[in-house]
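Okay, my_file-v4.cif now, which holds mmCIF, C-alpha atoms:
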data_final
#
loop_
_atom_site.label_atom_id
_atom_site.label_comp_id
_atom_site.auth_asym_id
_atom_site.auth_seq_id
_atom_site.Cartn_x
_atom_site.Cartn_y
_atom_site.Cartn_z
CA MET A 1 0.00 0.00 0.00
CA LYS A 2 1.18 3.51 -0.75
CA ASN A 3 0.61 4.61 2.84
CA ASP A 4 3.15 2.01 3.96
CA VAL A 5 5.94 3.49 1.85
CA ILE A 6 8.44 5.48 3.88
CA PRO A 7 9.82 8.40 1.85
CA LEU A 8 13.60 8.33 1.59
CA GLY A 9 15.77 11.40 1.75
CA PRO A 10 18.71 12.07 -0.57
CA LYS A 11 21.85 9.99 -0.23
CA ALA A 12 24.26 11.48 2.30
CA ASP A 13 27.33 12.98 0.63
CA LYS A 14 30.76 13.38 2.21
CA ALA A 15 30.01 16.89 3.47
CA THR A 16 26.78 15.72 5.16
CA VAL A 17 28.55 12.79 6.80
CA ARG A 18 31.32 15.09 8.04
CA ARG A 19 28.83 17.55 9.54
CA HIS A 20 27.14 14.64 11.31
CA ASN A 21 30.47 13.45 12.68
CA LEU A 22 31.42 16.96 13.77
CA SER A 23 28.20 17.07 15.79
CA LEU A 24 28.89 13.61 17.20
CA VAL A 25 32.31 14.66 18.46
CA LEU A 26 31.11 18.04 19.75
CA ARG A 27 28.19 16.50 21.67
CA THR A 28 30.47 13.85 23.13
CA VAL A 29 32.79 16.50 24.55
CA HIS A 30 29.82 18.57 25.74
CA ASP A 31 28.22 15.65 27.57
CA ALA A 32 31.48 14.40 29.07
CA GLY A 33 32.69 17.83 30.22
CA GLU A 34 36.33 16.83 29.73
CA VAL A 35 37.54 14.03 27.47
CA THR A 36 40.54 12.99 25.35
CA ARG A 37 40.61 12.25 21.64
CA ALA A 38 41.18 8.57 22.36
CA ARG A 39 38.16 8.41 24.63
CA ILE A 40 36.01 10.15 21.99
CA ALA A 41 37.08 7.58 19.40
CA THR A 42 36.07 4.78 21.75
CA ARG A 43 32.69 6.31 22.51
CA VAL A 44 31.63 7.24 18.96
CA GLY A 45 33.17 4.31 17.08
CA LEU A 46 35.38 6.35 14.74
CA THR A 47 39.09 5.87 14.14
CA ARG A 48 41.52 8.00 16.13
CA ALA A 49 42.71 9.59 12.90
CA ALA A 50 39.16 10.57 11.94
CA VAL A 51 38.47 11.96 15.41
CA SER A 52 41.72 13.96 15.38
CA SER A 53 40.76 15.54 12.06
CA LEU A 54 37.30 16.46 13.34
CA VAL A 55 38.71 17.81 16.61
CA GLU A 56 41.18 20.02 14.75
CA GLN A 57 38.34 21.56 12.74
CA LEU A 58 36.29 22.16 15.89
CA LEU A 59 39.33 23.71 17.59
CA GLU A 60 39.95 25.98 14.61
CA CYS A 61 36.31 27.09 14.50
CA GLY A 62 36.29 27.86 18.22
CA PHE A 63 33.90 25.15 19.39
CA LEU A 64 36.46 23.23 21.43
CA THR A 65 39.52 24.11 23.44
CA GLU A 66 42.37 22.15 24.99
CA SER A 67 42.24 22.49 28.77
CA GLY A 68 45.98 22.05 29.31
CA LYS A 69 45.36 18.89 31.32
CA THR A 70 46.48 15.43 30.27
CA SER A 71 44.88 12.09 30.95
CA SER A 72 46.53 8.69 31.08
CA GLY A 73 43.39 6.65 31.61
CA GLN A 74 44.21 4.43 28.62
CA ALA A 75 47.28 2.60 27.34
CA GLY A 76 49.76 4.71 25.39
CA ARG A 77 50.87 8.30 25.70
CA PRO A 78 48.77 10.61 27.91
CA GLY A 79 46.16 12.45 25.85
CA THR A 80 45.35 16.15 25.96
CA VAL A 81 42.00 16.82 27.55
CA LEU A 82 39.38 18.64 25.45
CA GLU A 83 36.40 20.69 26.60
CA VAL A 84 33.83 22.89 24.91
CA ALA A 85 35.00 26.47 24.48
CA ARG A 86 33.88 29.08 27.02
CA THR A 87 34.31 31.77 24.38
CA GLY A 88 33.08 31.82 20.80
CA PRO A 89 29.68 30.43 19.75
CA ALA A 90 26.79 31.01 22.16
CA GLY A 91 23.00 31.28 22.27
CA LEU A 92 20.85 34.38 22.84
CA GLY A 93 17.49 33.86 24.55
CA VAL A 94 14.75 36.48 24.91
CA GLU A 95 11.63 36.13 27.04
CA ILE A 96 8.79 38.59 26.51
CA ASN A 97 6.29 38.33 29.34
CA VAL A 98 3.37 40.41 30.52
CA ASP A 99 5.26 42.50 33.06
CA TYR A 100 8.92 42.02 32.16
CA ILE A 101 11.42 41.21 29.44
CA ALA A 102 14.41 38.97 30.17
CA VAL A 103 17.48 38.27 28.05
CA CYS A 104 20.08 35.59 28.57
CA VAL A 105 23.30 34.52 26.81
CA VAL A 106 24.42 30.92 27.34
CA ASP A 107 27.75 29.50 26.20
CA LEU A 108 28.27 26.06 24.66
CA ALA A 109 28.85 24.50 28.08
CA GLY A 110 25.41 25.69 29.18
CA THR A 111 26.74 28.38 31.50
CA ASP A 112 24.58 31.46 32.00
CA ARG A 113 27.00 34.27 31.02
CA VAL A 114 24.77 37.33 30.62
CA ARG A 115 21.36 37.98 32.16
CA LEU A 116 19.34 41.19 31.94
CA VAL A 117 15.78 41.81 33.15
CA GLU A 118 13.65 44.88 32.51
CA HIS A 119 10.36 45.21 34.39
CA ALA A 120 7.64 46.93 32.41
CA ASP A 121 3.93 46.45 31.82
CA ASN A 122 3.64 45.20 28.24
CA ARG A 123 -0.17 44.94 28.25
CA GLY A 124 -1.85 47.28 25.82
CA VAL A 125 1.49 48.36 24.33
CA PRO A 126 1.74 47.97 20.52
CA PRO A 127 3.62 44.74 19.75
CA SER A 128 6.15 46.61 17.62
CA GLN A 129 7.14 48.73 20.62
CA VAL A 130 7.48 45.67 22.87
CA LEU A 131 9.63 43.89 20.28
CA THR A 132 11.80 46.99 19.90
CA ARG A 133 12.16 47.17 23.68
CA ALA A 134 13.19 43.51 23.69
CA ALA A 135 15.69 44.12 20.89
CA ARG A 136 17.18 47.03 22.82
CA LEU A 137 17.75 44.80 25.85
CA ALA A 138 19.13 42.04 23.62
CA ALA A 139 21.56 44.51 22.04
CA ARG A 140 22.90 45.35 25.50
CA ALA A 141 23.33 41.64 26.18
CA LEU A 142 25.19 41.17 22.91
CA GLY A 143 27.57 43.96 23.89
CA SER A 144 28.27 42.29 27.24
CA ALA A 145 28.71 38.95 25.49
CA ALA A 146 31.22 40.41 23.05
CA GLU A 147 33.28 41.75 25.96
CA GLN A 148 33.54 38.15 27.20
CA GLY A 149 34.59 36.82 23.80
CA LEU A 150 31.18 35.30 23.03
CA ARG A 151 29.37 35.55 19.70
CA PRO A 152 25.77 34.30 19.72
CA VAL A 153 24.96 32.43 16.52
CA GLY A 154 21.19 32.68 16.87
CA ALA A 155 18.38 34.23 18.90
CA HIS A 156 15.29 32.47 20.26
CA VAL A 157 12.28 34.51 21.43
CA ALA A 158 9.82 33.08 23.98
CA VAL A 159 6.31 34.57 24.29
CA PRO A 160 3.39 33.61 26.60
CA GLY A 161 0.94 32.51 23.94
CA LEU A 162 0.27 30.22 21.00
CA VAL A 163 3.33 30.51 18.76
CA THR A 164 3.71 28.91 15.35
CA GLY A 165 5.73 29.70 12.24
CA GLY A 166 7.27 32.83 13.75
CA THR A 167 3.87 34.31 14.61
CA VAL A 168 2.03 34.65 17.90
CA ARG A 169 -1.39 33.35 16.98
CA GLN A 170 -2.85 34.44 20.30
CA ALA A 171 -1.39 35.78 23.56
CA PRO A 172 -4.47 36.79 25.60
CA ASN A 173 -2.63 38.35 28.53
CA LEU A 174 -0.56 40.54 26.20
CA GLY A 175 -3.53 41.30 23.99
CA TRP A 176 -1.70 39.99 20.91
CA LYS A 177 -3.38 38.28 17.97
CA ARG A 178 -1.55 37.13 14.84
CA VAL A 179 1.57 39.12 15.62
CA ALA A 180 4.73 38.37 13.62
CA VAL A 181 7.66 38.10 16.02
CA GLU A 182 10.79 36.86 14.32
CA GLY A 183 11.06 39.31 11.42
CA PRO A 184 10.30 42.51 13.39
CA PHE A 185 12.60 41.48 16.23
CA ALA A 186 15.43 40.62 13.81
CA ARG A 187 15.08 43.98 12.03
CA ALA A 188 15.00 45.94 15.29
CA LEU A 189 18.08 44.10 16.57
CA SER A 190 20.04 44.51 13.35
CA ALA A 191 19.37 48.26 13.40
CA LEU A 192 20.95 48.40 16.86
CA ARG A 193 23.75 45.87 16.19
CA PRO A 194 24.63 45.91 12.47
CA ALA A 195 27.14 43.07 12.94
CA HIS A 196 24.19 40.81 13.82
CA ARG A 197 22.15 41.64 10.74
CA ALA A 198 22.16 37.98 9.65
CA LEU A 199 21.51 36.52 13.11
CA PRO A 200 18.87 33.77 12.73
CA VAL A 201 15.78 34.31 14.91
CA SER A 202 13.32 31.64 16.02
CA SER A 203 10.42 31.66 18.49
CA ASP A 204 8.36 29.48 20.83
CA ASN A 205 5.96 29.49 23.75
CA GLU A 206 7.58 30.67 27.01
CA ALA A 207 6.44 27.66 29.06
CA ASN A 208 8.02 25.32 26.50
CA ALA A 209 11.30 27.23 26.77
CA ALA A 210 11.17 27.18 30.58
CA ALA A 211 10.49 23.43 30.63
CA LEU A 212 13.45 22.81 28.33
CA ALA A 213 15.66 24.92 30.60
CA GLU A 214 14.58 22.72 33.47
CA LEU A 215 15.29 19.58 31.46
CA TRP A 216 18.75 20.72 30.30
CA TYR A 217 19.99 22.74 33.25
CA GLY A 218 17.69 22.35 36.25
CA ALA A 219 18.81 20.61 39.41
CA GLY A 220 15.23 19.70 40.26
CA THR A 221 14.87 17.32 37.31
CA GLU A 222 18.07 15.37 37.88
CA GLY A 223 17.31 11.79 36.86
CA VAL A 224 13.77 12.72 35.72
CA ARG A 225 13.00 12.42 32.01
CA SER A 226 9.21 12.84 32.11
CA PHE A 227 7.65 15.77 33.94
CA LEU A 228 4.92 18.38 33.79
CA TYR A 229 6.18 21.96 34.11
CA VAL A 230 3.64 24.53 35.24
CA SER A 231 4.50 28.21 35.57
CA GLY A 232 2.46 30.80 37.40
CA GLU A 233 2.78 34.36 36.13
CA ILE A 234 0.06 36.81 35.08
CA GLY A 235 -1.15 33.78 33.17
CA ILE A 236 -0.46 30.09 33.77
CA GLY A 237 1.82 28.28 31.35
CA GLY A 238 2.39 24.57 31.07
CA ALA A 239 4.60 22.16 29.17
CA LEU A 240 4.93 18.39 29.20
CA VAL A 241 8.26 16.62 28.74
CA LEU A 242 8.04 12.88 28.05
CA GLU A 243 11.20 10.74 27.96
CA GLY A 244 13.34 13.83 27.44
CA GLU A 245 11.24 15.19 24.55
CA LEU A 246 8.88 18.17 24.66
CA LEU A 247 5.32 17.24 23.72
CA ARG A 248 4.18 19.87 21.22
CA GLY A 249 0.93 18.48 19.85
CA ALA A 250 -0.35 18.46 16.29
CA HIS A 251 -0.13 22.24 15.89
CA GLY A 252 2.53 23.09 18.48
CA PHE A 253 0.02 24.33 21.06
CA ALA A 254 0.15 21.55 23.67
CA GLY A 255 0.45 22.54 27.32
CA GLU A 256 -2.09 25.38 27.60
CA ILE A 257 -3.01 24.27 31.10
CA GLY A 258 -3.98 27.78 32.19
CA HIS A 259 -7.04 27.57 29.96
CA MET A 260 -8.32 24.25 31.22
CA VAL A 261 -11.78 24.90 32.63
CA VAL A 262 -12.40 24.82 36.38
CA ASP A 263 -16.01 26.04 36.17
CA PRO A 264 -17.85 26.50 32.83
CA GLU A 265 -19.97 29.22 34.46
CA GLY A 266 -16.97 30.93 36.07
CA PRO A 267 -15.56 34.40 35.38
CA GLN A 268 -14.67 35.54 31.88
CA CYS A 269 -11.07 34.85 30.86
CA ARG A 270 -9.00 36.99 28.47
CA CYS A 271 -8.95 34.03 26.07
CA GLY A 272 -12.73 34.44 25.59
CA ALA A 273 -13.83 31.36 27.56
CA ARG A 274 -15.21 31.19 31.09
CA GLY A 275 -13.87 29.65 34.26
CA CYS A 276 -10.27 29.00 33.12
CA LEU A 277 -7.71 27.96 35.72
CA GLU A 278 -5.98 31.35 35.37
CA GLN A 279 -9.05 33.00 36.91
CA TYR A 280 -8.62 30.93 40.07
CA ALA A 281 -4.88 30.32 40.42
CA GLY A 282 -3.14 32.97 38.31
CA GLN A 283 -1.07 35.77 39.81
CA ALA A 284 -3.91 38.30 39.63
CA ALA A 285 -6.31 35.88 41.36
CA LEU A 286 -3.81 35.28 44.17
CA LEU A 287 -3.16 39.00 44.72
CA LYS A 288 -6.87 39.87 44.62
CA ALA A 289 -7.74 37.16 47.15
CA ALA A 290 -5.07 38.54 49.51
CA GLY A 291 -6.38 42.10 49.17
CA LEU A 292 -3.44 43.32 47.07
CA ASP A 293 -3.31 45.32 43.84
CA THR A 294 -3.69 42.86 40.96
CA GLU A 295 -1.57 45.12 38.74
CA ALA A 296 1.33 45.33 41.21
CA GLY A 297 3.49 42.77 39.39
CA ALA A 298 6.75 41.65 41.04
CA PRO A 299 6.42 44.04 44.04
CA GLY A 300 2.93 42.67 44.66
CA VAL A 301 4.20 39.08 44.61
CA ALA A 302 7.02 40.02 46.99
CA GLU A 303 4.48 41.57 49.39
CA PHE A 304 2.25 38.49 49.07
CA ARG A 305 5.20 36.29 49.98
CA ARG A 306 6.02 38.47 53.00
CA ARG A 307 2.44 38.24 54.22
CA ALA A 308 2.36 34.48 53.74
CA GLY A 309 5.63 34.23 55.68
CA ARG A 310 3.98 36.18 58.52
CA LYS A 311 1.02 33.74 58.34
CA ASP A 312 -1.40 36.44 57.22
CA SER A 313 -4.80 34.74 57.08
CA ALA A 314 -5.84 36.28 53.74
CA ALA A 315 -2.58 35.29 52.01
CA LEU A 316 -2.71 31.76 53.40
CA ALA A 317 -6.36 31.36 52.38
CA ALA A 318 -5.51 32.62 48.88
CA THR A 319 -2.70 30.07 48.42
CA GLU A 320 -4.85 27.26 49.81
CA ARG A 321 -7.73 28.07 47.43
CA ALA A 322 -5.45 28.49 44.42
CA GLY A 323 -3.55 25.32 45.35
CA ARG A 324 -6.75 23.27 45.47
CA HIS A 325 -7.86 24.45 42.02
CA LEU A 326 -4.38 23.92 40.62
CA GLY A 327 -4.17 20.44 42.14
CA VAL A 328 -7.50 19.41 40.63
CA VAL A 329 -6.38 20.40 37.13
CA LEU A 330 -2.88 18.96 37.52
CA SER A 331 -4.27 15.63 38.67
CA GLY A 332 -6.18 15.33 35.39
CA VAL A 333 -2.99 15.90 33.42
CA VAL A 334 -1.06 13.42 35.59
CA ASN A 335 -3.78 10.79 35.12
CA LEU A 336 -3.64 11.32 31.36
CA PHE A 337 0.15 11.35 30.80
CA ASP A 338 1.69 9.73 33.91
CA PRO A 339 4.78 11.96 34.33
CA ASP A 340 7.37 11.23 37.02
CA ALA A 341 7.07 14.68 38.58
CA VAL A 342 5.33 18.05 38.49
CA MET A 343 7.62 21.09 38.55
CA LEU A 344 6.33 24.40 39.94
CA GLY A 345 7.93 27.37 38.19
CA GLY A 346 7.55 31.14 38.04
CA VAL A 347 5.53 32.65 40.90
CA TYR A 348 4.57 29.13 42.00
CA ARG A 349 8.20 28.35 42.77
CA GLU A 350 8.39 31.41 45.03
CA LEU A 351 5.14 30.50 46.79
CA ALA A 352 5.76 26.74 46.94
CA PRO A 353 6.11 26.56 50.77
CA TRP A 354 2.49 27.73 51.13
CA LEU A 355 0.97 26.62 47.81
CA ALA A 356 2.38 23.10 47.53
CA PRO A 357 0.54 21.42 50.45
CA ALA A 358 -2.89 22.08 48.90
CA VAL A 359 -1.66 21.07 45.43
CA ASP A 360 -0.07 17.92 46.81
CA GLY A 361 -3.19 17.02 48.75
CA GLU A 362 -5.39 17.15 45.65
CA LEU A 363 -2.88 15.13 43.64
CA ALA A 364 -2.71 12.48 46.35
CA ARG A 365 -6.52 12.20 46.40
CA ARG A 366 -7.10 12.25 42.66
CA VAL A 367 -4.21 10.48 40.88
CA VAL A 368 -5.77 7.09 40.22
CA SER A 369 -2.57 5.02 40.20
CA GLY A 370 -1.98 5.75 43.88
CA LEU A 371 1.69 6.37 43.09
CA TRP A 372 1.46 9.98 44.18
CA SER A 373 0.69 8.98 47.74
CA GLU A 374 3.58 6.50 47.70
CA ASP A 375 6.17 9.06 46.60
CA ARG A 376 5.36 12.56 47.84
CA ASN A 377 8.61 13.88 46.30
CA ARG A 378 6.96 14.07 42.89
CA LEU A 379 5.85 17.69 43.38
CA ARG A 380 8.95 19.86 43.18
CA ALA A 381 9.91 23.51 42.99
CA ALA A 382 11.67 24.27 39.74
CA SER A 383 15.27 25.44 39.68
CA PRO A 384 15.68 29.23 39.91
CA LEU A 385 17.62 28.95 36.64
CA GLY A 386 14.83 27.09 34.88
CA ASP A 387 13.31 30.10 33.13
CA ALA A 388 12.24 30.80 29.59
CA ALA A 389 15.10 33.16 28.67
CA ARG A 390 17.71 30.56 29.59
CA GLY A 391 15.76 27.79 27.86
CA ALA A 392 15.47 29.94 24.74
CA ALA A 393 19.23 30.52 24.73
CA GLY A 394 19.75 26.82 25.34
CA ALA A 395 17.63 26.01 22.29
CA VAL A 396 20.15 27.90 20.13
CA VAL A 397 23.04 26.06 21.77
CA ARG A 398 21.35 22.71 21.15
CA GLU A 399 21.01 23.56 17.46
CA VAL A 400 24.73 24.34 17.34
CA LEU A 401 25.58 21.05 19.03
CA ALA A 402 23.33 19.17 16.60
CA ASP A 403 24.76 20.87 13.50
CA PRO A 404 27.87 22.99 14.14
CA PRO A 405 28.32 25.53 11.32
CA ALA A 406 31.70 24.47 9.96
CA ASP A 407 32.30 27.84 8.28
CA LEU A 408 32.19 29.76 11.58
CA SER A 409 35.59 30.96 12.69
CA PRO A 410 36.99 33.23 15.43
CA ALA A 411 37.32 35.96 12.82
CA ASP A 412 33.52 36.28 12.87
CA ALA A 413 33.62 38.12 16.21
CA ASP A 414 31.38 41.10 16.92
CA HIS A 415 32.99 44.31 15.61
CA ASP A 416 30.23 46.73 16.57
CA PRO A 417 31.50 49.92 18.19
#
Can you give me the file's structure in the form of structure tokens?
Amino acid sequence: MKNDVIPLGPKADKATVRRHNLSLVLRTVHDAGEVTRARIATRVGLTRAAVSSLVEQLLECGFLTESGKTSSGQAGRPGTVLEVARTGPAGLGVEINVDYIAVCVVDLAGTDRVRLVEHADNRGVPPSQVLTRAARLAARALGSAAEQGLRPVGAHVAVPGLVTGGTVRQAPNLGWKRVAVEGPFARALSALRPAHRALPVSSDNEANAAALAELWYGAGTEGVRSFLYVSGEIGIGGALVLEGELLRGAHGFAGEIGHMVVDPEGPQCRCGARGCLEQYAGQAALLKAAGLDTEAGAPGVAEFRRRAGRKDSAALAATERAGRHLGVVLSGVVNLFDPDAVMLGGVYRELAPWLAPAVDGELARRVVSGLWSEDRNRLRAASPLGDAARGAAGAVVREVLADPPADLSPADADHDP
């Protein structure tokens, strides 16, 4: 039958095979941290001569460096230890959220080298102005990166909404509908940093980027390959990682947990539906229930946390109510996908000491397998580093590791004034 025929791609030529092997060697060094040529050859199944040739190209292009150490773990002469370069290629991540913009530069080793955050209310602001503001912050980050000898080879923009094909289809809390992101951001950035005129730009949902940051860099997911990441901000974002892979869905919109319905007759949500989880457990709902200004942003959350720490009855009641609603919804997702853990990110991470007991209680009552009650360590606070800006930068780094551009050389450094 025709439907059983698997389409075949073109035959791999020598250049394609070499690019694959360059990635194989680069990823081996990245994952090992420090490793010799001989050890690489053993791990990847290539000859020592082939590995040496590939290593020399990666050294010349600035992807690898020799640490100065030697290792005599195998027979023969001690080998020089290799590691991924801490200068040269890097990733630029940009997170546009409702009340802040964050930018991060990550090197090939996954180290957070530059981080900038600008607090501003982006609701009701024309998207072009928000993207220009984000480009301005990114340009500052690129300048700091250049001072450290880093040259980002791509930018990844994370937005709290439905993102596909470089366009935000809908971001209710920003008020965006069908907003092109990648092109306008790239143009705004190139106007500020002409040397980065050709910098590739990609985009994704911010919860997806945050979940990937947790997977790649977070201490909380050590040994966990399947987890649900839920982030409380002005809205509620969610992402599901199964066996180390992000579940995107048929159209790339999987994980919109904030718009799962708690009560069909509940309050109107910005998405147009009624009774969404955001209306019961989002940041604004928490602040309102505690008698605080719902538009207060980060200062309001800080005050909420102070009140909860002082055992203020209104703050504690707000977290208990939000935690119960959140736990009910999360239990449905856990029953459906059976992840190993649920990670609380964003505002939920900050409020975990007071929010988690109610969430955990609902999960223990409602997860049908009974496994939640057996292992109460399955609800965890996400790593402070597990945010969307870092995950977005990490996405660029992962692309480099998967397909290192062999024509990139140290001469390509940023020469902007």
**Report entry** Selection near Glu83 in chain A, 9 Å with only C-alpha atoms, sequence-local residues under 2 positions removed, as a VMD selection string
**Finding:** chain A and resid 29 to 30 32 to 36 63 to 67 81 85 to 86 109
I need the chosen residues saved as a PDB file, in the coordinates of the input, with C-alpha atoms.
ATOM      1  CA  VAL A  29      32.790  16.500  24.550  1.00  0.00           C
ATOM      2  CA  HIS A  30      29.820  18.570  25.740  1.00  0.00           C
ATOM      3  CA  ALA A  32      31.480  14.400  29.070  1.00  0.00           C
ATOM      4  CA  GLY A  33      32.690  17.830  30.220  1.00  0.00           C
ATOM      5  CA  GLU A  34      36.330  16.830  29.730  1.00  0.00           C
ATOM      6  CA  VAL A  35      37.540  14.030  27.470  1.00  0.00           C
ATOM      7  CA  THR A  36      40.540  12.990  25.350  1.00  0.00           C
ATOM      8  CA  PHE A  63      33.900  25.150  19.390  1.00  0.00           C
ATOM      9  CA  LEU A  64      36.460  23.230  21.430  1.00  0.00           C
ATOM     10  CA  THR A  65      39.520  24.110  23.440  1.00  0.00           C
ATOM     11  CA  GLU A  66      42.370  22.150  24.990  1.00  0.00           C
ATOM     12  CA  SER A  67      42.240  22.490  28.770  1.00  0.00           C
ATOM     13  CA  VAL A  81      42.000  16.820  27.550  1.00  0.00           C
ATOM     14  CA  ALA A  85      35.000  26.470  24.480  1.00  0.00           C
ATOM     15  CA  ARG A  86      33.880  29.080  27.020  1.00  0.00           C
ATOM     16  CA  ALA A 109      28.850  24.500  28.080  1.00  0.00           C
TER      17      ALA A 109
END
Query raised in the report: Got a sec to resolve the PyMOL selection byres ((chain A and resi 98) around 12) on this structure and send the residues as an MDAnalysis selection string?
Result: chainID A and resid 95:97 99:102 118:125 127 130 158:161 171:176 206 232:236 283:284 295:298
Requested in this report: Calculate how many Å separate CA of Val397 in chain A from CA of Gly91 in chain A, rounding to one decimal.
Outcome: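 Taking CA of Val397 in chain A and CA of Gly91 in chain A, their separation equals 5.2 Å.
Between Leu116 in chain A and the residues A:Ala50, A:Arg390, A:Phe337, A:Pro384, the shortest atom-to-atom distance, using only C-alpha atoms, involves A:Arg390.
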Query raised in the report: Using all atoms listed in the file, what residues lie at most 9 Å away from (14.5, 19.4, 27.4) (file coordinates), given as a PyMOL selection string?
Result: chain A and resi 208-209+211-217+225+241+244-246+391+395
Requested in this report: Rounded to one decimal place, report the CA of Ala315 in chain A-CA of Cys269 in chain A distance in Å.
Outcome: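 CA of Cys269 in chain A lies 22.8 Å from CA of Ala315 in chain A.
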What does the PyMOL selection byres ((chain A and resi 360) around 10) select in this file, as a PDB file with C-alpha atoms, in the coordinates of the input?
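Writing done, so here's selection-v6.pdb:
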ATOM      1  CA  GLY A 323      -3.550  25.320  45.350  1.00  0.00           C
ATOM      2  CA  ARG A 324      -6.750  23.270  45.470  1.00  0.00           C
ATOM      3  CA  LEU A 326      -4.380  23.920  40.620  1.00  0.00           C
ATOM      4  CA  GLY A 327      -4.170  20.440  42.140  1.00  0.00           C
ATOM      5  CA  VAL A 328      -7.500  19.410  40.630  1.00  0.00           C
ATOM      6  CA  LEU A 330      -2.880  18.960  37.520  1.00  0.00           C
ATOM      7  CA  SER A 331      -4.270  15.630  38.670  1.00  0.00           C
ATOM      8  CA  VAL A 342       5.330  18.050  38.490  1.00  0.00           C
ATOM      9  CA  LEU A 355       0.970  26.620  47.810  1.00  0.00           C
ATOM     10  CA  ALA A 356       2.380  23.100  47.530  1.00  0.00           C
ATOM     11  CA  PRO A 357       0.540  21.420  50.450  1.00  0.00           C
ATOM     12  CA  ALA A 358      -2.890  22.080  48.900  1.00  0.00           C
ATOM     13  CA  VAL A 359      -1.660  21.070  45.430  1.00  0.00           C
ATOM     14  CA  GLY A 361      -3.190  17.020  48.750  1.00  0.00           C
ATOM     15  CA  GLU A 362      -5.390  17.150  45.650  1.00  0.00           C
ATOM     16  CA  LEU A 363      -2.880  15.130  43.640  1.00  0.00           C
ATOM     17  CA  ALA A 364      -2.710  12.480  46.350  1.00  0.00           C
ATOM     18  CA  ARG A 365      -6.520  12.200  46.400  1.00  0.00           C
ATOM     19  CA  ARG A 366      -7.100  12.250  42.660  1.00  0.00           C
ATOM     20  CA  TRP A 372       1.460   9.980  44.180  1.00  0.00           C
ATOM     21  CA  SER A 373       0.690   8.980  47.740  1.00  0.00           C
ATOM     22  CA  ARG A 376       5.360  12.560  47.840  1.00  0.00           C
ATOM     23  CA  ASN A 377       8.610  13.880  46.300  1.00  0.00           C
ATOM     24  CA  ARG A 378       6.960  14.070  42.890  1.00  0.00           C
ATOM     25  CA  LEU A 379       5.850  17.690  43.380  1.00  0.00           C
ATOM     26  CA  ARG A 380       8.950  19.860  43.180  1.00  0.00           C
TER      27      ARG A 380
END
Query raised in the report: So what do you get for CA of Gly149 in chain A versus CA of Ala195 in chain A, distance-wise?
Result: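 So the two atoms, CA of Gly149 in chain A and CA of Ala195 in chain A, lie 14.6 Å apart.
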Can you spell out as a short mmCIF file (atom, residue, chain, number, x, y, z; two decimals) with C-alpha atoms, in the frame of the given file the set of residues that the PyMOL selection byres ((chain A and resi 142) around 9) selects in the structure I just provided?
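Just written: part_9.cif:
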data_model
loop_
_atom_site.label_atom_id
_atom_site.label_comp_id
_atom_site.auth_asym_id
_atom_site.auth_seq_id
_atom_site.Cartn_x
_atom_site.Cartn_y
_atom_site.Cartn_z
CA LEU A 92 20.85 34.38 22.84
CA VAL A 105 23.30 34.52 26.81
CA VAL A 114 24.77 37.33 30.62
CA LEU A 137 17.75 44.80 25.85
CA ALA A 138 19.13 42.04 23.62
CA ALA A 139 21.56 44.51 22.04
CA ARG A 140 22.90 45.35 25.50
CA ALA A 141 23.33 41.64 26.18
CA GLY A 143 27.57 43.96 23.89
CA SER A 144 28.27 42.29 27.24
CA ALA A 145 28.71 38.95 25.49
CA ALA A 146 31.22 40.41 23.05
CA GLU A 147 33.28 41.75 25.96
CA LEU A 150 31.18 35.30 23.03
CA ARG A 151 29.37 35.55 19.70
CA PRO A 152 25.77 34.30 19.72
CA ARG A 193 23.75 45.87 16.19
CA ASP A 414 31.38 41.10 16.92
#
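Those residues that approach Ala389 in chain A to within 6 Å, counting all atoms listed in the file, are Gly93, Val94, Glu95, Val103 and Cys104 of chain A; same-chain residues fewer than 4 positions away are not listed.
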Requested in this report: Compare A:Pro353, A:Gly45, A:Pro299, A:Pro267 by their minimum atom-to-atom distance to Tyr280 in chain A, counting only C-alpha atoms, and give me the closest one.
Outcome: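 Nearest to Tyr280 in chain A: A:Pro267.
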Query raised in the report: Between A:Pro404, A:Gly266, A:Gly346, A:Gly255, which has the minimum distance to Ala381 in chain A (counting only C-alpha atoms)?
Result: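 The closest residue to Ala381 in chain A is A:Gly346.
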Query - Option closest in space to Arg274 in chain A, from A:Gly258, A:Gly309, A:Gly62, A:Pro194 [counting all atoms listed in the file] - result: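 Ranked by minimum distance to Arg274 in chain A, first place goes to A:Gly258.
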Query raised in the report: Quick one: residues within 8 Å of range 261-264 of chain A, all atoms listed in the file counted, chain neighbours fewer than 4 positions away excluded, as a list in words?
Result: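 The residues that qualify are Arg274, Gly275, Cys276, Leu277, His325 and Val329 of chain A.
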How big is the axis-aligned box around all listed atoms of range 377-383 of chain A once 5 Å goes on each side, and where's its centre, in Å to one decimal, as JSON?
{"center_x": 10.6, "center_y": 19.7, "center_z": 43.0, "size_x": 19.4, "size_y": 21.6, "size_z": 16.6}
